[in-house]
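Visitor: Dropping in query_30.pdb, which is PDB, C-alpha atoms, pLDDT in the B column:
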ATOM      1  CA  ALA Y1332     105.153 -28.875-146.358  1.00 65.00           C
ATOM      2  CA  GLN Y1333     107.260 -30.213-149.191  1.00 74.00           C
ATOM      3  CA  LYS Y1334     106.920 -28.183-152.348  1.00 93.00           C
ATOM      4  CA  ILE Y1335     108.262 -30.981-154.525  1.00 97.00           C
ATOM      5  CA  THR Y1336     107.472 -34.572-153.592  1.00 96.00           C
ATOM      6  CA  GLN Y1337     109.022 -37.588-155.185  1.00 97.00           C
ATOM      7  CA  THR Y1338     107.447 -40.552-153.456  1.00 95.00           C
ATOM      8  CA  GLN Y1339     109.585 -43.293-154.995  1.00 95.00           C
ATOM      9  CA  PRO Y1340     113.040 -43.472-153.389  1.00 93.00           C
ATOM     10  CA  GLY Y1341     113.983 -46.345-155.686  1.00 95.00           C
ATOM     11  CA  MET Y1342     112.608 -47.892-158.850  1.00 95.00           C
ATOM     12  CA  PHE Y1343     113.516 -50.892-160.971  1.00 96.00           C
ATOM     13  CA  VAL Y1344     112.690 -51.368-164.615  1.00 97.00           C
ATOM     14  CA  GLN Y1345     113.528 -53.990-167.182  1.00 97.00           C
ATOM     15  CA  GLU Y1346     115.599 -52.880-170.134  1.00 97.00           C
ATOM     16  CA  LYS Y1347     113.469 -51.761-173.099  1.00 97.00           C
ATOM     17  CA  GLU Y1348     110.395 -51.201-170.951  1.00 97.00           C
ATOM     18  CA  ALA Y1349     108.856 -47.836-170.113  1.00 98.00           C
ATOM     19  CA  VAL Y1350     108.994 -46.367-166.614  1.00 98.00           C
ATOM     20  CA  THR Y1351     107.189 -43.497-164.909  1.00 98.00           C
ATOM     21  CA  LEU Y1352     108.833 -41.461-162.170  1.00 98.00           C
ATOM     22  CA  ASP Y1353     106.394 -39.547-160.007  1.00 98.00           C
ATOM     23  CA  CYS Y1354     106.581 -35.903-159.033  1.00 98.00           C
ATOM     24  CA  THR Y1355     103.928 -33.800-157.326  1.00 98.00           C
ATOM     25  CA  TYR Y1356     104.310 -30.132-156.549  1.00 97.00           C
ATOM     26  CA  ASP Y1357     102.701 -27.503-154.417  1.00 96.00           C
ATOM     27  CA  THR Y1358     102.472 -23.854-155.377  1.00 94.00           C
ATOM     28  CA  SER Y1359      99.945 -21.079-155.293  1.00 92.00           C
ATOM     29  CA  ASP Y1360     101.536 -19.294-158.256  1.00 92.00           C
ATOM     30  CA  GLN Y1361      99.776 -19.458-161.615  1.00 93.00           C
ATOM     31  CA  SER Y1362     103.039 -19.171-163.488  1.00 92.00           C
ATOM     32  CA  TYR Y1363     105.715 -21.750-162.746  1.00 94.00           C
ATOM     33  CA  GLY Y1364     108.051 -24.162-164.444  1.00 95.00           C
ATOM     34  CA  LEU Y1365     108.862 -27.798-163.859  1.00 97.00           C
ATOM     35  CA  PHE Y1366     112.161 -29.483-164.633  1.00 97.00           C
ATOM     36  CA  TRP Y1367     113.595 -32.963-164.594  1.00 98.00           C
ATOM     37  CA  TYR Y1368     117.301 -33.658-164.196  1.00 98.00           C
ATOM     38  CA  LYS Y1369     119.301 -36.870-164.295  1.00 98.00           C
ATOM     39  CA  GLN Y1370     122.331 -37.475-162.099  1.00 97.00           C
ATOM     40  CA  PRO Y1371     124.439 -40.539-162.990  1.00 97.00           C
ATOM     41  CA  SER Y1372     126.927 -41.933-160.494  1.00 94.00           C
ATOM     42  CA  SER Y1373     129.578 -39.613-161.961  1.00 93.00           C
ATOM     43  CA  GLY Y1374     127.770 -36.716-160.284  1.00 94.00           C
ATOM     44  CA  GLU Y1375     126.976 -34.389-163.151  1.00 94.00           C
ATOM     45  CA  MET Y1376     123.427 -33.068-163.335  1.00 96.00           C
ATOM     46  CA  ILE Y1377     121.928 -33.415-166.790  1.00 97.00           C
ATOM     47  CA  PHE Y1378     118.902 -31.368-167.830  1.00 96.00           C
ATOM     48  CA  LEU Y1379     116.248 -33.582-169.395  1.00 97.00           C
ATOM     49  CA  ILE Y1380     113.004 -31.729-169.914  1.00 97.00           C
ATOM     50  CA  TYR Y1381     111.021 -28.607-169.060  1.00 96.00           C
ATOM     51  CA  GLN Y1382     107.298 -27.912-168.740  1.00 97.00           C
ATOM     52  CA  GLY Y1383     105.840 -24.460-168.298  1.00 94.00           C
ATOM     53  CA  SER Y1384     102.601 -24.070-166.393  1.00 95.00           C
ATOM     54  CA  TYR Y1385     100.922 -22.438-169.379  1.00 94.00           C
ATOM     55  CA  ASP Y1386     102.137 -25.005-171.891  1.00 92.00           C
ATOM     56  CA  GLU Y1387      99.088 -26.769-173.253  1.00 89.00           C
ATOM     57  CA  GLN Y1388     100.925 -29.801-174.533  1.00 95.00           C
ATOM     58  CA  ASN Y1389     103.053 -32.220-172.577  1.00 96.00           C
ATOM     59  CA  ALA Y1390     106.743 -31.681-173.148  1.00 97.00           C
ATOM     60  CA  THR Y1391     108.709 -34.356-174.991  1.00 97.00           C
ATOM     61  CA  GLU Y1392     112.432 -34.760-175.631  1.00 96.00           C
ATOM     62  CA  GLY Y1393     113.380 -37.943-177.406  1.00 97.00           C
ATOM     63  CA  ARG Y1394     112.619 -40.861-175.077  1.00 98.00           C
ATOM     64  CA  TYR Y1395     111.585 -38.507-172.291  1.00 98.00           C
ATOM     65  CA  SER Y1396     108.111 -37.117-171.902  1.00 98.00           C
ATOM     66  CA  LEU Y1397     106.491 -35.216-169.099  1.00 98.00           C
ATOM     67  CA  ASN Y1398     102.981 -36.214-168.105  1.00 97.00           C
ATOM     68  CA  PHE Y1399     101.706 -32.861-166.870  1.00 97.00           C
ATOM     69  CA  GLN Y1400      98.419 -32.956-164.966  1.00 97.00           C
ATOM     70  CA  LYS Y1401      97.867 -29.432-163.743  1.00 95.00           C
ATOM     71  CA  ALA Y1402      94.738 -30.066-161.704  1.00 95.00           C
ATOM     72  CA  ARG Y1403      96.475 -32.853-159.833  1.00 96.00           C
ATOM     73  CA  LYS Y1404      99.689 -30.839-159.591  1.00 96.00           C
ATOM     74  CA  SER Y1405     101.713 -33.691-160.923  1.00 97.00           C
ATOM     75  CA  ALA Y1406     104.563 -33.705-163.421  1.00 98.00           C
ATOM     76  CA  ASN Y1407     105.609 -37.294-163.909  1.00 98.00           C
ATOM     77  CA  LEU Y1408     108.574 -38.202-166.076  1.00 98.00           C
ATOM     78  CA  VAL Y1409     108.058 -41.040-168.526  1.00 98.00           C
ATOM     79  CA  ILE Y1410     111.103 -42.761-169.978  1.00 98.00           C
ATOM     80  CA  SER Y1411     110.296 -45.016-172.899  1.00 97.00           C
ATOM     81  CA  ALA Y1412     112.387 -47.990-174.005  1.00 96.00           C
ATOM     82  CA  SER Y1413     114.691 -47.919-170.976  1.00 97.00           C
ATOM     83  CA  GLN Y1414     118.389 -48.396-171.534  1.00 97.00           C
ATOM     84  CA  LEU Y1415     121.098 -49.499-169.123  1.00 97.00           C
ATOM     85  CA  GLY Y1416     122.527 -46.001-169.281  1.00 97.00           C
ATOM     86  CA  ASP Y1417     119.308 -44.636-167.791  1.00 98.00           C
ATOM     87  CA  SER Y1418     120.318 -46.008-164.392  1.00 98.00           C
ATOM     88  CA  ALA Y1419     120.771 -42.856-162.293  1.00 98.00           C
ATOM     89  CA  MET Y1420     119.162 -40.528-159.778  1.00 97.00           C
ATOM     90  CA  TYR Y1421     116.352 -38.414-161.185  1.00 98.00           C
ATOM     91  CA  PHE Y1422     115.383 -35.087-159.648  1.00 98.00           C
ATOM     92  CA  CYS Y1423     112.226 -33.083-160.180  1.00 98.00           C
ATOM     93  CA  ALA Y1424     112.497 -29.330-159.628  1.00 97.00           C
ATOM     94  CA  MET Y1425     110.204 -26.325-159.777  1.00 96.00           C
ATOM     95  CA  ARG Y1426     110.582 -22.644-160.450  1.00 93.00           C
ATOM     96  CA  GLU Y1427     107.838 -20.669-158.734  1.00 89.00           C
ATOM     97  CA  GLY Y1428     106.622 -17.549-160.459  1.00 83.00           C
ATOM     98  CA  ARG Y1429     107.559 -16.170-163.851  1.00 81.00           C
ATOM     99  CA  ALA Y1430     110.942 -16.900-165.324  1.00 78.00           C
ATOM    100  CA  GLY Y1431     113.666 -14.388-164.750  1.00 75.00           C
ATOM    101  CA  ASN Y1432     114.634 -12.331-161.716  1.00 66.00           C
ATOM    102  CA  ASN Y1433     117.191 -14.970-160.724  1.00 72.00           C
ATOM    103  CA  ARG Y1434     114.561 -17.328-159.438  1.00 82.00           C
ATOM    104  CA  LYS Y1435     115.985 -20.384-157.758  1.00 88.00           C
ATOM    105  CA  LEU Y1436     114.770 -23.919-158.227  1.00 93.00           C
ATOM    106  CA  ILE Y1437     113.076 -25.993-155.541  1.00 95.00           C
ATOM    107  CA  TRP Y1438     114.276 -29.576-155.604  1.00 96.00           C
ATOM    108  CA  GLY Y1439     112.744 -32.914-154.788  1.00 96.00           C
ATOM    109  CA  LEU Y1440     114.647 -35.603-152.930  1.00 96.00           C
ATOM    110  CA  GLY Y1441     115.125 -37.700-156.037  1.00 97.00           C
ATOM    111  CA  THR Y1442     114.322 -41.189-157.285  1.00 97.00           C
ATOM    112  CA  SER Y1443     116.994 -43.780-157.888  1.00 97.00           C
ATOM    113  CA  LEU Y1444     116.303 -45.732-161.064  1.00 98.00           C
ATOM    114  CA  ALA Y1445     117.965 -49.042-161.814  1.00 98.00           C
ATOM    115  CA  VAL Y1446     117.566 -50.587-165.254  1.00 98.00           C
ATOM    116  CA  ASN Y1447     117.948 -54.354-165.274  1.00 96.00           C
ATOM    117  CA  PRO Y1448     119.337 -56.154-168.341  1.00 94.00           C
TER     118      PRO Y1448
ATOM    119  CA  GLY H 936     125.352 -26.067-176.466  1.00 72.00           C
ATOM    120  CA  ALA H 937     124.964 -24.927-172.827  1.00 89.00           C
ATOM    121  CA  VAL H 938     128.175 -26.453-171.546  1.00 94.00           C
ATOM    122  CA  VAL H 939     129.424 -25.638-168.072  1.00 96.00           C
ATOM    123  CA  SER H 940     132.860 -26.621-166.851  1.00 97.00           C
ATOM    124  CA  GLN H 941     134.042 -26.836-163.283  1.00 97.00           C
ATOM    125  CA  HIS H 942     137.583 -27.037-162.018  1.00 97.00           C
ATOM    126  CA  PRO H 943     139.026 -28.887-160.230  1.00 97.00           C
ATOM    127  CA  SER H 944     136.945 -32.045-160.403  1.00 97.00           C
ATOM    128  CA  TRP H 945     138.354 -33.222-157.107  1.00 97.00           C
ATOM    129  CA  VAL H 946     140.640 -31.767-154.477  1.00 97.00           C
ATOM    130  CA  ILE H 947     142.161 -32.978-151.249  1.00 97.00           C
ATOM    131  CA  CYS H 948     143.491 -30.386-148.858  1.00 96.00           C
ATOM    132  CA  LYS H 949     144.676 -30.021-145.293  1.00 96.00           C
ATOM    133  CA  SER H 950     142.509 -28.506-142.621  1.00 97.00           C
ATOM    134  CA  GLY H 951     142.930 -24.737-142.440  1.00 97.00           C
ATOM    135  CA  THR H 952     143.772 -24.181-146.080  1.00 97.00           C
ATOM    136  CA  SER H 953     141.589 -22.410-148.633  1.00 97.00           C
ATOM    137  CA  VAL H 954     140.303 -23.982-151.812  1.00 97.00           C
ATOM    138  CA  LYS H 955     139.060 -22.185-154.915  1.00 97.00           C
ATOM    139  CA  ILE H 956     136.594 -23.800-157.308  1.00 98.00           C
ATOM    140  CA  GLU H 957     135.949 -22.303-160.742  1.00 97.00           C
ATOM    141  CA  CYS H 958     132.731 -22.520-162.709  1.00 97.00           C
ATOM    142  CA  ARG H 959     132.718 -21.460-166.363  1.00 96.00           C
ATOM    143  CA  SER H 960     129.998 -21.297-168.956  1.00 94.00           C
ATOM    144  CA  LEU H 961     131.796 -22.291-172.148  1.00 95.00           C
ATOM    145  CA  ASP H 962     129.381 -21.420-174.924  1.00 92.00           C
ATOM    146  CA  PHE H 963     126.943 -18.945-173.430  1.00 92.00           C
ATOM    147  CA  GLN H 964     126.827 -15.922-171.189  1.00 91.00           C
ATOM    148  CA  ALA H 965     125.372 -16.241-167.743  1.00 89.00           C
ATOM    149  CA  THR H 966     124.508 -13.284-165.574  1.00 84.00           C
ATOM    150  CA  THR H 967     123.419 -15.731-162.911  1.00 90.00           C
ATOM    151  CA  MET H 968     125.189 -18.776-161.579  1.00 94.00           C
ATOM    152  CA  PHE H 969     124.265 -20.954-158.651  1.00 95.00           C
ATOM    153  CA  TRP H 970     126.374 -22.872-156.168  1.00 97.00           C
ATOM    154  CA  TYR H 971     125.074 -26.042-154.597  1.00 97.00           C
ATOM    155  CA  ARG H 972     126.321 -28.521-152.070  1.00 97.00           C
ATOM    156  CA  GLN H 973     125.304 -32.150-152.122  1.00 96.00           C
ATOM    157  CA  PHE H 974     125.799 -34.769-149.437  1.00 93.00           C
ATOM    158  CA  PRO H 975     125.852 -38.460-150.387  1.00 90.00           C
ATOM    159  CA  LYS H 976     122.493 -39.808-151.469  1.00 88.00           C
ATOM    160  CA  GLN H 977     120.792 -36.462-150.831  1.00 92.00           C
ATOM    161  CA  SER H 978     119.298 -33.743-152.937  1.00 94.00           C
ATOM    162  CA  LEU H 979     120.956 -30.506-153.931  1.00 95.00           C
ATOM    163  CA  MET H 980     121.222 -27.784-151.343  1.00 95.00           C
ATOM    164  CA  LEU H 981     121.456 -24.273-152.750  1.00 96.00           C
ATOM    165  CA  MET H 982     124.231 -22.314-151.104  1.00 97.00           C
ATOM    166  CA  ALA H 983     124.150 -19.052-152.986  1.00 95.00           C
ATOM    167  CA  THR H 984     123.110 -17.257-156.128  1.00 93.00           C
ATOM    168  CA  SER H 985     125.968 -15.539-157.892  1.00 90.00           C
ATOM    169  CA  ASN H 986     125.256 -12.432-159.957  1.00 87.00           C
ATOM    170  CA  GLU H 987     127.758 -10.942-162.359  1.00 85.00           C
ATOM    171  CA  GLY H 988     129.108  -7.680-161.095  1.00 84.00           C
ATOM    172  CA  SER H 989     127.344  -7.737-157.764  1.00 86.00           C
ATOM    173  CA  LYS H 990     127.401  -9.481-154.413  1.00 89.00           C
ATOM    174  CA  ALA H 991     126.167 -13.025-154.142  1.00 92.00           C
ATOM    175  CA  THR H 992     122.931 -13.827-152.391  1.00 93.00           C
ATOM    176  CA  TYR H 993     123.475 -16.483-149.745  1.00 95.00           C
ATOM    177  CA  GLU H 994     120.896 -18.905-148.467  1.00 95.00           C
ATOM    178  CA  GLN H 995     120.000 -18.929-144.806  1.00 95.00           C
ATOM    179  CA  GLY H 996     122.564 -20.733-142.730  1.00 95.00           C
ATOM    180  CA  VAL H 997     125.403 -20.431-145.253  1.00 96.00           C
ATOM    181  CA  GLU H 998     128.367 -18.477-143.899  1.00 94.00           C
ATOM    182  CA  LYS H 999     129.343 -15.682-146.261  1.00 93.00           C
ATOM    183  CA  ASP H1000     132.846 -15.391-144.857  1.00 95.00           C
ATOM    184  CA  LYS H1001     133.370 -19.122-145.135  1.00 96.00           C
ATOM    185  CA  PHE H1002     132.185 -19.530-148.694  1.00 97.00           C
ATOM    186  CA  LEU H1003     133.370 -16.576-150.757  1.00 96.00           C
ATOM    187  CA  ILE H1004     131.757 -16.178-154.150  1.00 94.00           C
ATOM    188  CA  ASN H1005     133.004 -13.949-156.934  1.00 91.00           C
ATOM    189  CA  HIS H1006     131.260 -13.570-160.297  1.00 90.00           C
ATOM    190  CA  ALA H1007     133.734 -11.410-162.152  1.00 84.00           C
ATOM    191  CA  SER H1008     132.537 -11.961-165.708  1.00 90.00           C
ATOM    192  CA  LEU H1009     129.601 -13.285-167.673  1.00 91.00           C
ATOM    193  CA  THR H1010     131.294 -16.664-167.987  1.00 93.00           C
ATOM    194  CA  LEU H1011     133.108 -17.190-164.702  1.00 94.00           C
ATOM    195  CA  SER H1012     132.112 -17.595-161.079  1.00 95.00           C
ATOM    196  CA  THR H1013     134.373 -18.827-158.311  1.00 96.00           C
ATOM    197  CA  LEU H1014     133.680 -20.339-154.921  1.00 97.00           C
ATOM    198  CA  THR H1015     136.426 -20.167-152.322  1.00 97.00           C
ATOM    199  CA  VAL H1016     136.121 -22.316-149.251  1.00 97.00           C
ATOM    200  CA  THR H1017     138.190 -20.457-146.682  1.00 97.00           C
ATOM    201  CA  SER H1018     139.960 -22.178-143.810  1.00 96.00           C
ATOM    202  CA  ALA H1019     138.468 -25.503-144.794  1.00 97.00           C
ATOM    203  CA  HIS H1020     137.680 -28.089-142.144  1.00 96.00           C
ATOM    204  CA  PRO H1021     136.697 -31.755-142.439  1.00 96.00           C
ATOM    205  CA  GLU H1022     133.009 -30.871-142.124  1.00 95.00           C
ATOM    206  CA  ASP H1023     133.342 -28.878-145.358  1.00 96.00           C
ATOM    207  CA  SER H1024     134.082 -32.091-147.224  1.00 96.00           C
ATOM    208  CA  SER H1025     131.338 -32.496-149.763  1.00 96.00           C
ATOM    209  CA  PHE H1026     130.371 -32.455-153.437  1.00 97.00           C
ATOM    210  CA  TYR H1027     130.087 -28.893-154.724  1.00 98.00           C
ATOM    211  CA  ILE H1028     128.313 -28.290-157.995  1.00 97.00           C
ATOM    212  CA  CYS H1029     127.644 -25.102-159.887  1.00 97.00           C
ATOM    213  CA  SER H1030     125.049 -24.236-162.476  1.00 96.00           C
ATOM    214  CA  ALA H1031     124.585 -21.412-164.925  1.00 94.00           C
ATOM    215  CA  ARG H1032     121.484 -19.943-166.475  1.00 89.00           C
ATOM    216  CA  PRO H1033     121.819 -18.740-170.081  1.00 86.00           C
ATOM    217  CA  GLN H1034     120.723 -15.139-170.499  1.00 79.00           C
ATOM    218  CA  VAL H1035     118.741 -15.889-173.623  1.00 77.00           C
ATOM    219  CA  LEU H1036     116.582 -18.647-172.200  1.00 73.00           C
ATOM    220  CA  ARG H1037     113.167 -17.713-170.897  1.00 74.00           C
ATOM    221  CA  THR H1038     112.651 -20.807-168.810  1.00 78.00           C
ATOM    222  CA  ASP H1039     115.306 -20.391-166.107  1.00 85.00           C
ATOM    223  CA  THR H1040     116.811 -23.743-167.089  1.00 91.00           C
ATOM    224  CA  GLN H1041     120.044 -24.289-165.208  1.00 93.00           C
ATOM    225  CA  TYR H1042     122.937 -26.134-166.797  1.00 95.00           C
ATOM    226  CA  PHE H1043     125.337 -27.803-164.437  1.00 97.00           C
ATOM    227  CA  GLY H1044     129.049 -28.309-164.224  1.00 96.00           C
ATOM    228  CA  PRO H1045     130.431 -31.769-163.491  1.00 97.00           C
ATOM    229  CA  GLY H1046     130.967 -30.974-159.813  1.00 97.00           C
ATOM    230  CA  THR H1047     133.950 -30.811-157.465  1.00 98.00           C
ATOM    231  CA  ARG H1048     134.539 -33.370-154.772  1.00 97.00           C
ATOM    232  CA  LEU H1049     136.286 -31.715-151.837  1.00 97.00           C
ATOM    233  CA  THR H1050     137.981 -33.757-149.137  1.00 97.00           C
ATOM    234  CA  VAL H1051     139.474 -31.923-146.174  1.00 97.00           C
ATOM    235  CA  LEU H1052     141.896 -33.950-144.074  1.00 96.00           C
TER     236      LEU H1052
END
Please re-express this file's structure in structure tokens.
Guide:
Amino acid sequence: AQKITQTQPGMFVQEKEAVTLDCTYDTSDQSYGLFWYKQPSSGEMIFLIYQGSYDEQNATEGRYSLNFQKARKSANLVISASQLGDSAMYFCAMREGRAGNNRKLIWGLGTSLAVNP
Amino acid sequence: GAVVSQHPSWVICKSGTSVKIECRSLDFQATTMFWYRQFPKQSLMLMATSNEGSKATYEQGVEKDKFLINHASLTLSTLTVTSAHPEDSSFYICSARPQVLRTDTQYFGPGTRLTVL
């Protein structure tokens, strides 16, 4: 079974509107971390936001916020006031278990976001 | 902060030659670096975890003798593709995890596009 599921292969949004990118995860660990990365067409992977499983508040970083619903095992990324430069692939990833010990990340398949002017 | 460089950004080589890719953390120390491979329009595939001063840990199915990894210092890891063949053509991207962070956030280099003729 997929540990990280991103059900939207492609999304469109109008410039200046908000958009939600879905991510659901599957783990039996109580301690874990969730990440979102952006990959523009240039190829670089840009870290956007992190949510720890014990964090009580949803993470926010500028226009990015993470809608963390633990019981539903979802960690959706919300981008407010979309800009043309937000057009990119977006990947959700998870670290299972406590941080440290060289834990690797488990990656979703990504969502391609296109922002229309 | 948390800048990772990767060199070269692209390389074209003849079949049978070896290619070395460098990954450097510029403003932090990283005991752990990761090497990924990415095919067009696909997610990241972890190849190996590189640990400073010790042998790399390779993922299942990745040939150790084909993809040599050396992590000689806290800021430098190298990936050497030995006797490259056209099927090794891909986008290779490294990441580094700052020692001081407790979240296991990985910061990525800009990637290397390898084309083997």
Visitor: For the contact check between chain H and chain Y, emit one row per residue of chain H within 7 Å, containing the shortest atom pair and the distance in Å rounded to one decimal, counting all atoms listed in the file, chain then rising number order, as a tab-separated table.
Guide:
residue	atom	partner	partner_atom	distance
H:Thr967	CA	Y:Asn1433	CA	6.6
H:Gln977	CA	Y:Leu1440	CA	6.6
H:Ser978	CA	Y:Leu1440	CA	5.0
H:Leu979	CA	Y:Trp1438	CA	6.9
H:Arg1037	CA	Y:Ala1430	CA	6.1
H:Thr1038	CA	Y:Ala1430	CA	5.5
H:Asp1039	CA	Y:Ala1430	CA	5.6
H:Tyr1042	CA	Y:Phe1378	CA	6.7
H:Phe1043	CA	Y:Met1376	CA	5.7
H:Gly1044	CA	Y:Glu1375	CA	6.5
H:Pro1045	CA	Y:Glu1375	CA	4.3
H:Gly1046	CA	Y:Glu1375	CA	6.2
Visitor: Of the candidates Y:Ser1362, Y:Asp1353, Y:Gly1416, Y:Glu1427, which shows the shortest atom-to-atom distance to Asn1398 (chain Y), using only C-alpha atoms?
Guide: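 So, comparing all the options, the nearest one is Y:Asp1353.
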Visitor: Could you please determine the separation between CA of Met1425 (chain Y) and CA of Thr992 (chain H) in Å, to one decimal place?
Guide: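 Atom-to-atom, CA of Met1425 (chain Y) and CA of Thr992 (chain H) are spaced 19.3 Å apart.
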Visitor: Calculate how many Å separate CA of Leu1003 (chain H) from CA of Thr1017 (chain H), rounding to one decimal.
Guide: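 That distance, rounded to one decimal, is 7.4 Å.
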Visitor: Would you pick out the contacts of Gln973 (chain H) at 9 Å or less, using only C-alpha atoms, so that residues sharing its chain but fewer than 3 positions from it are not included, and give the list as a ChimeraX atom specification?
Guide: /H:976-981,1025-1028
Visitor: Could you put an axis-aligned box around every listed atom of region 1365-1372 of chain Y, padded by 4 Å on each side, and send me its centre and edge lengths in Å to one decimal, as lines of an AutoDock Vina configuration file?
Guide:
center_x = 117.9
center_y = -34.9
center_z = -162.6
size_x = 26.1
size_y = 22.1
size_z = 12.1
Visitor: Run the PyMOL selection byres ((chain Y and resi 1447) around 9) against the file shown and list the residues it catches, as a list in words.
Guide: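 Evaluating the PyMOL selection byres ((chain Y and resi 1447) around 9) on these coordinates yields Phe1343, Val1344, Gln1345, Glu1346, Gln1414, Leu1415, Ser1418, Ala1445, Val1446 and Pro1448 of chain Y.
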Visitor: What gap, in Å, lies between CA of Asp1360 (chain Y) and CA of Thr1338 (chain Y)?
Guide: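 Straight-line distance from CA of Asp1360 (chain Y) to CA of Thr1338 (chain Y) works out to 22.6 Å.
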Visitor: Convert the output of the PyMOL selection byres ((chain H and resi 984) around 7) on the shown file into explicit residues, formatted as a list in words.
Guide: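 Applying the expression gives Thr967, Met968, Phe969, Trp970, Ala983, Ser985, Asn986, Ala991, Thr992 and Tyr993 of chain H.
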Visitor: Determine the residue set returned by the PyMOL selection byres ((chain H and resi 1005) around 8) for the present structure, and present it as a compact mmCIF listing (two decimals) with C-alpha atoms, in the coordinates of the input.
Guide:
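Listed below is the output, selection_3.txt:
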# COMPACT_ATOMS: atom_id res chain seq x y z
CA SER H 985 125.97 -15.54 -157.89
CA LYS H 990 127.40 -9.48 -154.41
CA ALA H 991 126.17 -13.02 -154.14
CA LEU H 1003 133.37 -16.58 -150.76
CA ILE H 1004 131.76 -16.18 -154.15
CA HIS H 1006 131.26 -13.57 -160.30
CA ALA H 1007 133.73 -11.41 -162.15
CA SER H 1012 132.11 -17.60 -161.08
CA THR H 1013 134.37 -18.83 -158.31
CA LEU H 1014 133.68 -20.34 -154.92
Visitor: Would you be able to write out as a VMD selection string which residues have an atom within 6 Å of (105.6, -38.2, -164.4) in the file's coordinates, counting only C-alpha atoms?
Guide: chain Y and resid 1351 to 1354 1397 to 1398 1406 to 1409
